[in-house]
file coords.pdb (PDB, C-alpha atoms, pLDDT in the B column)
ATOM      1  CA  ASP Y   1      -3.597 -28.178  12.391  1.00 59.00           C
ATOM      2  CA  ALA Y   2      -4.025 -31.646  13.930  1.00 68.00           C
ATOM      3  CA  LEU Y   3      -7.667 -31.837  12.778  1.00 74.00           C
ATOM      4  CA  MET Y   4      -8.576 -35.220  11.333  1.00 76.00           C
ATOM      5  CA  ILE Y   5     -10.941 -34.682   8.401  1.00 78.00           C
ATOM      6  CA  SER Y   6     -11.347 -38.202   7.101  1.00 76.00           C
ATOM      7  CA  ILE Y   7     -10.494 -41.779   8.042  1.00 75.00           C
ATOM      8  CA  ASN Y   8     -10.559 -44.374   5.247  1.00 74.00           C
ATOM      9  CA  GLY Y   9     -12.543 -41.975   3.030  1.00 75.00           C
ATOM     10  CA  LYS Y  10     -15.293 -41.362   5.610  1.00 79.00           C
ATOM     11  CA  ILE Y  11     -15.995 -37.811   6.762  1.00 79.00           C
ATOM     12  CA  PRO Y  12     -17.757 -37.073  10.064  1.00 78.00           C
ATOM     13  CA  ASN Y  13     -21.208 -35.483   9.625  1.00 79.00           C
ATOM     14  CA  ILE Y  14     -20.076 -32.114  10.952  1.00 78.00           C
ATOM     15  CA  TYR Y  15     -17.612 -31.750   8.033  1.00 78.00           C
ATOM     16  CA  GLU Y  16     -19.810 -33.034   5.170  1.00 78.00           C
ATOM     17  CA  LYS Y  17     -20.686 -29.524   3.939  1.00 78.00           C
ATOM     18  CA  MET Y  18     -17.031 -28.453   3.901  1.00 83.00           C
ATOM     19  CA  TYR Y  19     -15.147 -31.490   2.542  1.00 82.00           C
ATOM     20  CA  ARG Y  20     -15.503 -34.482   0.273  1.00 83.00           C
ATOM     21  CA  THR Y  21     -13.088 -37.372  -0.121  1.00 83.00           C
ATOM     22  CA  ASP Y  22     -12.712 -40.102  -2.671  1.00 82.00           C
ATOM     23  CA  LEU Y  23     -10.733 -43.192  -1.745  1.00 79.00           C
ATOM     24  CA  THR Y  24      -9.765 -46.020  -4.086  1.00 78.00           C
ATOM     25  CA  ASN Y  25      -7.028 -48.632  -3.980  1.00 75.00           C
ATOM     26  CA  GLN Y  26      -4.777 -46.345  -6.029  1.00 75.00           C
ATOM     27  CA  PHE Y  27      -5.441 -42.826  -4.795  1.00 79.00           C
ATOM     28  CA  SER Y  28      -7.253 -40.578  -2.380  1.00 80.00           C
ATOM     29  CA  THR Y  29      -8.622 -37.089  -3.033  1.00 85.00           C
ATOM     30  CA  LEU Y  30      -9.832 -34.334  -0.771  1.00 85.00           C
ATOM     31  CA  GLU Y  31     -12.111 -31.542  -1.997  1.00 88.00           C
ATOM     32  CA  LEU Y  32     -12.720 -28.394   0.007  1.00 88.00           C
ATOM     33  CA  PHE Y  33     -15.922 -26.408  -0.533  1.00 88.00           C
ATOM     34  CA  HIS Y  34     -16.332 -22.659   0.024  1.00 88.00           C
ATOM     35  CA  VAL Y  35     -12.766 -22.142   1.173  1.00 90.00           C
ATOM     36  CA  LYS Y  36     -12.062 -19.332   3.612  1.00 90.00           C
ATOM     37  CA  ARG Y  37      -8.918 -17.709   4.946  1.00 89.00           C
ATOM     38  CA  GLU Y  38      -8.959 -20.134   7.892  1.00 89.00           C
ATOM     39  CA  ASP Y  39      -8.574 -23.069   5.463  1.00 88.00           C
ATOM     40  CA  SER Y  40      -5.037 -21.896   4.661  1.00 89.00           C
ATOM     41  CA  THR Y  41      -2.916 -24.613   6.232  1.00 89.00           C
ATOM     42  CA  THR Y  42      -0.984 -27.779   5.456  1.00 89.00           C
ATOM     43  CA  TYR Y  43      -3.028 -30.860   4.497  1.00 88.00           C
ATOM     44  CA  ILE Y  44      -1.423 -34.278   5.005  1.00 86.00           C
ATOM     45  CA  CYS Y  45      -2.448 -37.637   3.613  1.00 85.00           C
ATOM     46  CA  GLN Y  46      -1.026 -40.534   5.591  1.00 82.00           C
ATOM     47  CA  THR Y  47      -1.670 -44.198   6.161  1.00 78.00           C
ATOM     48  CA  PHE Y  48      -3.689 -44.949   9.248  1.00 74.00           C
ATOM     49  CA  GLU Y  49      -1.796 -48.035  10.357  1.00 77.00           C
ATOM     50  CA  THR Y  50       1.834 -46.955   9.895  1.00 81.00           C
ATOM     51  CA  GLN Y  51       1.333 -43.176  10.017  1.00 80.00           C
ATOM     52  CA  THR Y  52       3.439 -42.914   6.855  1.00 84.00           C
ATOM     53  CA  ILE Y  53       2.979 -39.541   5.158  1.00 83.00           C
ATOM     54  CA  LEU Y  54       2.055 -40.125   1.521  1.00 83.00           C
ATOM     55  CA  CYS Y  55       1.682 -36.502   0.465  1.00 84.00           C
ATOM     56  CA  GLN Y  56       1.494 -33.047   1.942  1.00 87.00           C
ATOM     57  CA  TYR Y  57      -0.071 -29.896   0.475  1.00 89.00           C
ATOM     58  CA  ASN Y  58       0.130 -26.342   1.714  1.00 91.00           C
ATOM     59  CA  LEU Y  59      -3.073 -24.476   0.822  1.00 91.00           C
ATOM     60  CA  VAL Y  60      -2.962 -20.679   0.627  1.00 91.00           C
ATOM     61  CA  VAL Y  61      -6.398 -19.143   0.144  1.00 93.00           C
ATOM     62  CA  LEU Y  62      -5.982 -15.998  -1.965  1.00 95.00           C
ATOM     63  CA  ILE Y  63      -8.220 -13.090  -0.988  1.00 95.00           C
ATOM     64  CA  LYS Y  64      -8.520  -9.805  -2.853  1.00 96.00           C
ATOM     65  CA  PRO Y  65      -7.717  -6.845  -0.622  1.00 96.00           C
ATOM     66  CA  GLU Y  66     -10.358  -4.176  -0.166  1.00 96.00           C
ATOM     67  CA  ALA Y  67     -10.053  -0.965  -2.189  1.00 96.00           C
ATOM     68  CA  PRO Y  68      -7.320   1.190  -0.657  1.00 97.00           C
ATOM     69  CA  SER Y  69      -7.893   4.504   1.095  1.00 97.00           C
ATOM     70  CA  LEU Y  70      -5.384   7.355   1.141  1.00 97.00           C
ATOM     71  CA  THR Y  71      -5.307   9.937   3.924  1.00 96.00           C
ATOM     72  CA  ILE Y  72      -3.112  12.967   4.564  1.00 95.00           C
ATOM     73  CA  ASP Y  73      -2.241  13.656   8.202  1.00 91.00           C
ATOM     74  CA  GLU Y  74      -2.525  17.448   7.808  1.00 85.00           C
ATOM     75  CA  GLU Y  75      -5.233  19.605   6.255  1.00 84.00           C
ATOM     76  CA  ASN Y  76      -3.279  22.863   6.423  1.00 90.00           C
ATOM     77  CA  ILE Y  77       0.020  21.906   4.743  1.00 93.00           C
ATOM     78  CA  GLN Y  78       2.771  24.522   4.866  1.00 93.00           C
ATOM     79  CA  GLU Y  79       5.968  24.565   2.830  1.00 93.00           C
ATOM     80  CA  TYR Y  80       8.902  22.740   4.549  1.00 93.00           C
ATOM     81  CA  GLN Y  81       6.511  20.794   6.772  1.00 94.00           C
ATOM     82  CA  THR Y  82       6.764  17.014   7.211  1.00 93.00           C
ATOM     83  CA  VAL Y  83       3.704  15.248   5.797  1.00 95.00           C
ATOM     84  CA  LYS Y  84       2.534  11.656   6.182  1.00 95.00           C
ATOM     85  CA  LEU Y  85       0.431   9.995   3.507  1.00 95.00           C
ATOM     86  CA  THR Y  86      -1.212   6.803   4.764  1.00 97.00           C
ATOM     87  CA  CYS Y  87      -2.478   4.146   2.371  1.00 97.00           C
ATOM     88  CA  SER Y  88      -4.631   1.437   3.973  1.00 97.00           C
ATOM     89  CA  SER Y  89      -6.253  -1.750   2.750  1.00 97.00           C
ATOM     90  CA  LEU Y  90      -7.857  -4.589   4.675  1.00 95.00           C
ATOM     91  CA  ASN Y  91      -8.448  -8.315   4.293  1.00 92.00           C
ATOM     92  CA  GLY Y  92      -5.968  -9.259   1.569  1.00 93.00           C
ATOM     93  CA  ASN Y  93      -4.303 -12.647   1.662  1.00 94.00           C
ATOM     94  CA  PRO Y  94      -1.432 -12.540   1.180  1.00 93.00           C
ATOM     95  CA  PRO Y  95      -1.216  -8.933   2.429  1.00 94.00           C
ATOM     96  CA  PRO Y  96      -0.960  -6.426  -0.424  1.00 96.00           C
ATOM     97  CA  ARG Y  97       2.264  -4.951  -1.727  1.00 95.00           C
ATOM     98  CA  TYR Y  98       2.224  -1.131  -1.641  1.00 95.00           C
ATOM     99  CA  THR Y  99       3.768   1.099  -4.316  1.00 94.00           C
ATOM    100  CA  TRP Y 100       3.877   4.925  -4.312  1.00 95.00           C
ATOM    101  CA  TYR Y 101       3.761   7.285  -7.321  1.00 95.00           C
ATOM    102  CA  ARG Y 102       4.274  11.054  -7.633  1.00 94.00           C
ATOM    103  CA  ASN Y 103       2.539  12.485 -10.730  1.00 95.00           C
ATOM    104  CA  GLY Y 104       2.600   9.009 -12.271  1.00 93.00           C
ATOM    105  CA  THR Y 105       6.309   8.398 -11.593  1.00 92.00           C
ATOM    106  CA  LEU Y 106       7.381   5.629  -9.227  1.00 92.00           C
ATOM    107  CA  VAL Y 107       8.755   7.088  -5.984  1.00 89.00           C
ATOM    108  CA  THR Y 108      12.237   5.684  -5.399  1.00 75.00           C
ATOM    109  CA  SER Y 109      14.063   8.609  -3.758  1.00 67.00           C
ATOM    110  CA  LEU Y 110      16.095   7.831  -0.660  1.00 54.00           C
ATOM    111  CA  ASN Y 111      15.167  11.207   0.869  1.00 57.00           C
ATOM    112  CA  GLN Y 112      11.635  10.014   1.566  1.00 64.00           C
ATOM    113  CA  GLN Y 113      10.710   7.302   4.014  1.00 89.00           C
ATOM    114  CA  VAL Y 114       8.118   4.559   3.605  1.00 89.00           C
ATOM    115  CA  SER Y 115       7.115   2.248   6.445  1.00 89.00           C
ATOM    116  CA  THR Y 116       4.793  -0.655   5.705  1.00 89.00           C
ATOM    117  CA  THR Y 117       2.727  -3.163   7.679  1.00 92.00           C
ATOM    118  CA  ASP Y 118       0.238  -5.755   6.414  1.00 93.00           C
ATOM    119  CA  ILE Y 119      -2.587  -3.195   6.266  1.00 95.00           C
ATOM    120  CA  THR Y 120      -0.873   0.212   5.830  1.00 96.00           C
ATOM    121  CA  SER Y 121       1.941   1.982   4.076  1.00 95.00           C
ATOM    122  CA  ILE Y 122       3.013   5.383   5.395  1.00 94.00           C
ATOM    123  CA  TYR Y 123       4.974   7.687   3.106  1.00 94.00           C
ATOM    124  CA  THR Y 124       6.700  10.511   5.034  1.00 93.00           C
ATOM    125  CA  PHE Y 125       8.438  13.447   3.363  1.00 92.00           C
ATOM    126  CA  ASN Y 126       9.082  17.195   3.610  1.00 92.00           C
ATOM    127  CA  VAL Y 127       6.945  19.248   1.241  1.00 93.00           C
ATOM    128  CA  SER Y 128       8.017  22.218  -0.809  1.00 93.00           C
ATOM    129  CA  ARG Y 129       6.146  24.615  -3.067  1.00 93.00           C
ATOM    130  CA  PHE Y 130       6.826  22.169  -5.903  1.00 94.00           C
ATOM    131  CA  ASP Y 131       4.515  19.627  -4.229  1.00 94.00           C
ATOM    132  CA  ASN Y 132       1.522  21.952  -4.578  1.00 95.00           C
ATOM    133  CA  GLN Y 133      -1.145  20.388  -6.840  1.00 95.00           C
ATOM    134  CA  VAL Y 134       0.969  17.248  -7.242  1.00 96.00           C
ATOM    135  CA  LYS Y 135      -0.899  13.949  -7.493  1.00 97.00           C
ATOM    136  CA  TYR Y 136       0.265  11.221  -5.102  1.00 96.00           C
ATOM    137  CA  GLU Y 137      -0.953   7.684  -5.770  1.00 97.00           C
ATOM    138  CA  CYS Y 138      -0.841   4.488  -3.775  1.00 97.00           C
ATOM    139  CA  GLN Y 139      -1.116   1.212  -5.659  1.00 97.00           C
ATOM    140  CA  ILE Y 140      -1.784  -2.144  -4.022  1.00 97.00           C
ATOM    141  CA  SER Y 141      -1.428  -5.583  -5.512  1.00 96.00           C
ATOM    142  CA  ASN Y 142      -1.460  -9.219  -4.471  1.00 95.00           C
ATOM    143  CA  GLN Y 143      -1.810 -12.589  -6.214  1.00 95.00           C
ATOM    144  CA  ALA Y 144      -5.633 -12.517  -5.999  1.00 95.00           C
ATOM    145  CA  LEU Y 145      -5.878  -9.288  -8.029  1.00 96.00           C
ATOM    146  CA  ALA Y 146      -5.735  -9.397 -11.825  1.00 96.00           C
ATOM    147  CA  VAL Y 147      -5.169  -5.620 -11.920  1.00 97.00           C
ATOM    148  CA  PRO Y 148      -3.644  -3.525  -9.105  1.00 97.00           C
ATOM    149  CA  LEU Y 149      -5.943  -1.136  -7.217  1.00 97.00           C
ATOM    150  CA  ARG Y 150      -5.056   2.572  -7.027  1.00 97.00           C
ATOM    151  CA  VAL Y 151      -6.095   5.576  -5.005  1.00 98.00           C
ATOM    152  CA  GLU Y 152      -4.882   9.167  -5.415  1.00 96.00           C
ATOM    153  CA  GLN Y 153      -4.787  12.505  -3.587  1.00 95.00           C
ATOM    154  CA  TYR Y 154      -3.604  15.959  -4.614  1.00 95.00           C
ATOM    155  CA  LEU Y 155      -1.542  18.000  -2.173  1.00 94.00           C
ATOM    156  CA  HIS Y 156      -2.430  21.614  -1.499  1.00 94.00           C
ATOM    157  CA  VAL Y 157       0.690  23.285  -0.119  1.00 94.00           C
ATOM    158  CA  LYS Y 158       0.618  26.841   1.223  1.00 93.00           C
ATOM    159  CA  TYR Y 159       3.816  28.777   0.649  1.00 91.00           C
ATOM    160  CA  ARG Y 160       5.091  32.332   0.663  1.00 88.00           C
ATOM    161  CA  PRO Y 161       5.192  34.056  -2.691  1.00 84.00           C
ATOM    162  CA  TYR Y 162       8.511  34.095  -4.445  1.00 74.00           C
ATOM    163  CA  THR Y 163       9.605  37.603  -5.376  1.00 70.00           C
ATOM    164  CA  GLU Y 164      12.657  38.929  -7.092  1.00 67.00           C
ATOM    165  CA  ILE Y 165      13.432  42.619  -6.941  1.00 62.00           C
ATOM    166  CA  VAL Y 166      15.491  43.931  -9.795  1.00 61.00           C
ATOM    167  CA  ALA Y 167      16.809  47.498  -9.670  1.00 54.00           C
ATOM    168  CA  GLN Y 168      18.690  49.532 -12.229  1.00 57.00           C
ATOM    169  CA  PRO Y 169      22.432  48.707 -11.994  1.00 54.00           C
ATOM    170  CA  SER Y 170      23.281  52.293 -11.063  1.00 55.00           C
ATOM    171  CA  MET Y 171      21.020  51.989  -8.027  1.00 57.00           C
ATOM    172  CA  LEU Y 172      22.880  48.988  -6.520  1.00 55.00           C
ATOM    173  CA  LEU Y 173      25.627  49.401  -3.963  1.00 58.00           C
ATOM    174  CA  ASN Y 174      27.036  46.242  -2.364  1.00 62.00           C
ATOM    175  CA  GLU Y 175      23.776  44.408  -3.147  1.00 64.00           C
ATOM    176  CA  LYS Y 176      21.709  47.134  -1.444  1.00 68.00           C
ATOM    177  CA  ILE Y 177      19.250  49.217  -3.395  1.00 67.00           C
ATOM    178  CA  ILE Y 178      19.987  52.913  -3.066  1.00 68.00           C
ATOM    179  CA  GLY Y 179      17.068  55.306  -3.194  1.00 70.00           C
ATOM    180  CA  ILE Y 180      16.933  59.045  -2.741  1.00 72.00           C
ATOM    181  CA  GLU Y 181      14.246  60.435  -0.466  1.00 76.00           C
ATOM    182  CA  SER Y 182      11.345  62.158  -2.256  1.00 77.00           C
ATOM    183  CA  HIS Y 183      12.467  60.783  -5.649  1.00 75.00           C
ATOM    184  CA  GLU Y 184      10.685  58.119  -7.654  1.00 75.00           C
ATOM    185  CA  GLN Y 185      12.267  54.661  -7.435  1.00 69.00           C
ATOM    186  CA  LYS Y 186      11.481  52.004 -10.042  1.00 69.00           C
ATOM    187  CA  LEU Y 187      11.847  48.346  -9.123  1.00 64.00           C
ATOM    188  CA  ALA Y 188      11.132  45.914 -11.912  1.00 60.00           C
TER     189      ALA Y 188
END
call {"tool": "encode", "arguments": {"input": "coords.pdb", "output": "structure tokens"}}
result
Amino acid sequence: DALMISINGKIPNIYEKMYRTDLTNQFSTLELFHVKREDSTTYICQTFETQTILCQYNLVVLIKPEAPSLTIDEENIQEYQTVKLTCSSLNGNPPPRYTWYRNGTLVTSLNQQVSTTDITSIYTFNVSRFDNQVKYECQISNQALAVPLRVEQYLHVKYRPYTEIVAQPSMLLNEKIIGIESHEQKLA
């Protein structure tokens, strides 16, 4: 970033706690101490007189992302409603990769929509009664993590009861149940 760290192996006093160089007739080294995200850049070694670039290194400081959080945009979820699950994680470098699971199975359906930024992944879908008590998981990973981080939530979907009325065949007429007033009618 156009910052000169060392000239002929000498480091200015203000950088002594951050860098160390070693210069011989055959090679030159640069050590960085306590690297931070801001140290991610391209480092160039070049001759002072001719400005010839001898080598160039791109440093990427890997940072573990924070543990993810998973929120549901609705507390009172009804069947056939659109729901958004939001998985968030901060401070990862590179930004984490987000993966969604439904009851332990990777979500790959084209009917659902996932939109992702560096710090969030939003999974949008229409719920049905079959999503009630289903575990949704968000997994994040990046190169700084040895093991991906996971967070989970269970959906609680409210839905109308499913009923099936079965009548005796003799009581059906064009799919209508026929009953006689003041007589007992059995529906099973």
call {"tool": "residues_around", "arguments": {"input": "coords.pdb", "residues": "Asn126 of chain Y", "least_positions_apart": "5", "cutoff": "10 Å", "atoms": "only C-alpha atoms", "output": "list in words"}}
result
Gln78, Glu79, Tyr80, Gln81, Thr82, Val83, Lys84, Asn111, Gln112 and Asp131 of chain Y
call {"tool": "closest_residue", "arguments": {"input": "coords.pdb", "among": "Y:Val114, Y:Val60, Y:Leu70, Y:Leu32", "to": "Leu149 of chain Y", "atoms": "only C-alpha atoms"}}
result
Y:Leu70
call {"tool": "closest_residue", "arguments": {"input": "coords.pdb", "among": "Y:Gln139, Y:Thr29, Y:Gln133, Y:Ser40", "to": "Thr99 of chain Y", "atoms": "only C-alpha atoms"}}
result
Y:Gln139
call {"tool": "resolve_selection", "arguments": {"input": "coords.pdb", "expression": "the PyMOL selection byres ((chain Y and resi 74) around 12)", "output": "list in words"}}
result
Thr71, Ile72, Asp73, Glu75, Asn76, Ile77, Gln78, Gln81, Thr82, Val83, Lys84, Leu85, Thr86, Thr124, Val127, Leu155, His156, Val157 and Lys158 of chain Y
call {"tool": "write_last_selection", "arguments": {"input": "coords.pdb", "atoms": "C-alpha atoms", "output": "short mmCIF file (atom, residue, chain, number, x, y, z; two decimals), keeping the file's coordinate frame"}}
result
data_model
loop_
_atom_site.label_atom_id
_atom_site.label_comp_id
_atom_site.auth_asym_id
_atom_site.auth_seq_id
_atom_site.Cartn_x
_atom_site.Cartn_y
_atom_site.Cartn_z
CA THR Y 71 -5.31 9.94 3.92
CA ILE Y 72 -3.11 12.97 4.56
CA ASP Y 73 -2.24 13.66 8.20
CA GLU Y 75 -5.23 19.60 6.26
CA ASN Y 76 -3.28 22.86 6.42
CA ILE Y 77 0.02 21.91 4.74
CA GLN Y 78 2.77 24.52 4.87
CA GLN Y 81 6.51 20.79 6.77
CA THR Y 82 6.76 17.01 7.21
CA VAL Y 83 3.70 15.25 5.80
CA LYS Y 84 2.53 11.66 6.18
CA LEU Y 85 0.43 9.99 3.51
CA THR Y 86 -1.21 6.80 4.76
CA THR Y 124 6.70 10.51 5.03
CA VAL Y 127 6.94 19.25 1.24
CA LEU Y 155 -1.54 18.00 -2.17
CA HIS Y 156 -2.43 21.61 -1.50
CA VAL Y 157 0.69 23.28 -0.12
CA LYS Y 158 0.62 26.84 1.22
#
call {"tool": "resolve_selection", "arguments": {"input": "coords.pdb", "expression": "the PyMOL selection byres ((chain Y and resi 65) around 9)", "output": "ChimeraX atom specification"}}
result
/Y:63-64,66-68,89-96,140-142,144-145,149
call {"tool": "write_last_selection", "arguments": {"input": "coords.pdb", "atoms": "C-alpha atoms", "output": "compact mmCIF listing (two decimals), keeping the file's coordinate frame"}}
result
# COMPACT_ATOMS: atom_id res chain seq x y z
CA ILE Y 63 -8.22 -13.09 -0.99
CA LYS Y 64 -8.52 -9.80 -2.85
CA GLU Y 66 -10.36 -4.18 -0.17
CA ALA Y 67 -10.05 -0.96 -2.19
CA PRO Y 68 -7.32 1.19 -0.66
CA SER Y 89 -6.25 -1.75 2.75
CA LEU Y 90 -7.86 -4.59 4.68
CA ASN Y 91 -8.45 -8.32 4.29
CA GLY Y 92 -5.97 -9.26 1.57
CA ASN Y 93 -4.30 -12.65 1.66
CA PRO Y 94 -1.43 -12.54 1.18
CA PRO Y 95 -1.22 -8.93 2.43
CA PRO Y 96 -0.96 -6.43 -0.42
CA ILE Y 140 -1.78 -2.14 -4.02
CA SER Y 141 -1.43 -5.58 -5.51
CA ASN Y 142 -1.46 -9.22 -4.47
CA ALA Y 144 -5.63 -12.52 -6.00
CA LEU Y 145 -5.88 -9.29 -8.03
CA LEU Y 149 -5.94 -1.14 -7.22
call {"tool": "closest_atom_pairs", "arguments": {"input": "coords.pdb", "of": "segment 26-116 of chain Y", "to": "segment 4-12 of chain Y", "cutoff": "9 Å", "atoms": "all atoms listed in the file", "output": "Markdown table"}}
result
| residue | atom | partner | partner_atom | distance |
| --- | --- | --- | --- | --- |
| Y:Ser28 | CA | Y:Gly9 | CA | 7.7 |
| Y:Thr29 | CA | Y:Gly9 | CA | 8.7 |
| Y:Leu30 | CA | Y:Ser6 | CA | 8.9 |
| Y:Thr47 | CA | Y:Asn8 | CA | 8.9 |
| Y:Phe48 | CA | Y:Ile7 | CA | 7.6 |
call {"tool": "write_last_selection", "arguments": {"input": "coords.pdb", "atoms": "C-alpha atoms", "output": "PDB file, in the coordinates of the input"}}
result
ATOM      1  CA  SER Y  28      -7.253 -40.578  -2.380  1.00 80.00           C
ATOM      2  CA  THR Y  29      -8.622 -37.089  -3.033  1.00 85.00           C
ATOM      3  CA  LEU Y  30      -9.832 -34.334  -0.771  1.00 85.00           C
ATOM      4  CA  THR Y  47      -1.670 -44.198   6.161  1.00 78.00           C
ATOM      5  CA  PHE Y  48      -3.689 -44.949   9.248  1.00 74.00           C
TER       6      PHE Y  48
END
call {"tool": "atom_distance", "arguments": {"input": "coords.pdb", "atom1": "atom CA of Glu31 of chain Y", "atom2": "atom CA of Gln143 of chain Y"}}
result
22.0 Å
call {"tool": "resolve_selection", "arguments": {"input": "coords.pdb", "expression": "the PyMOL selection byres ((chain Y and resi 58) around 12)", "output": "PDB file with C-alpha atoms, in the coordinates of the input"}}
result
ATOM      1  CA  ASP Y   1      -3.597 -28.178  12.391  1.00 59.00           C
ATOM      2  CA  ASP Y  39      -8.574 -23.069   5.463  1.00 88.00           C
ATOM      3  CA  SER Y  40      -5.037 -21.896   4.661  1.00 89.00           C
ATOM      4  CA  THR Y  41      -2.916 -24.613   6.232  1.00 89.00           C
ATOM      5  CA  THR Y  42      -0.984 -27.779   5.456  1.00 89.00           C
ATOM      6  CA  TYR Y  43      -3.028 -30.860   4.497  1.00 88.00           C
ATOM      7  CA  ILE Y  44      -1.423 -34.278   5.005  1.00 86.00           C
ATOM      8  CA  CYS Y  45      -2.448 -37.637   3.613  1.00 85.00           C
ATOM      9  CA  CYS Y  55       1.682 -36.502   0.465  1.00 84.00           C
ATOM     10  CA  GLN Y  56       1.494 -33.047   1.942  1.00 87.00           C
ATOM     11  CA  TYR Y  57      -0.071 -29.896   0.475  1.00 89.00           C
ATOM     12  CA  LEU Y  59      -3.073 -24.476   0.822  1.00 91.00           C
ATOM     13  CA  VAL Y  60      -2.962 -20.679   0.627  1.00 91.00           C
ATOM     14  CA  VAL Y  61      -6.398 -19.143   0.144  1.00 93.00           C
TER      15      VAL Y  61
END
call {"tool": "atom_distance", "arguments": {"input": "coords.pdb", "atom1": "atom CA of Thr163 of chain Y", "atom2": "atom CA of Phe130 of chain Y"}}
result
15.7 Å
call {"tool": "closest_residue", "arguments": {"input": "coords.pdb", "among": "Y:Thr116, Y:Gln46, Y:Gln153, Y:Ser121", "to": "Gly104 of chain Y", "atoms": "only C-alpha atoms"}}
result
Y:Gln153
call {"tool": "atom_distance", "arguments": {"input": "coords.pdb", "atom1": "atom CA of Phe125 of chain Y", "atom2": "atom CA of Thr105 of chain Y"}}
result
15.9 Å
call {"tool": "residues_around", "arguments": {"input": "coords.pdb", "residues": "Phe33 of chain Y", "least_positions_apart": "5", "cutoff": "8 Å", "atoms": "only C-alpha atoms", "output": "list in words"}}
result
Lys17, Met18 and Tyr19 of chain Y
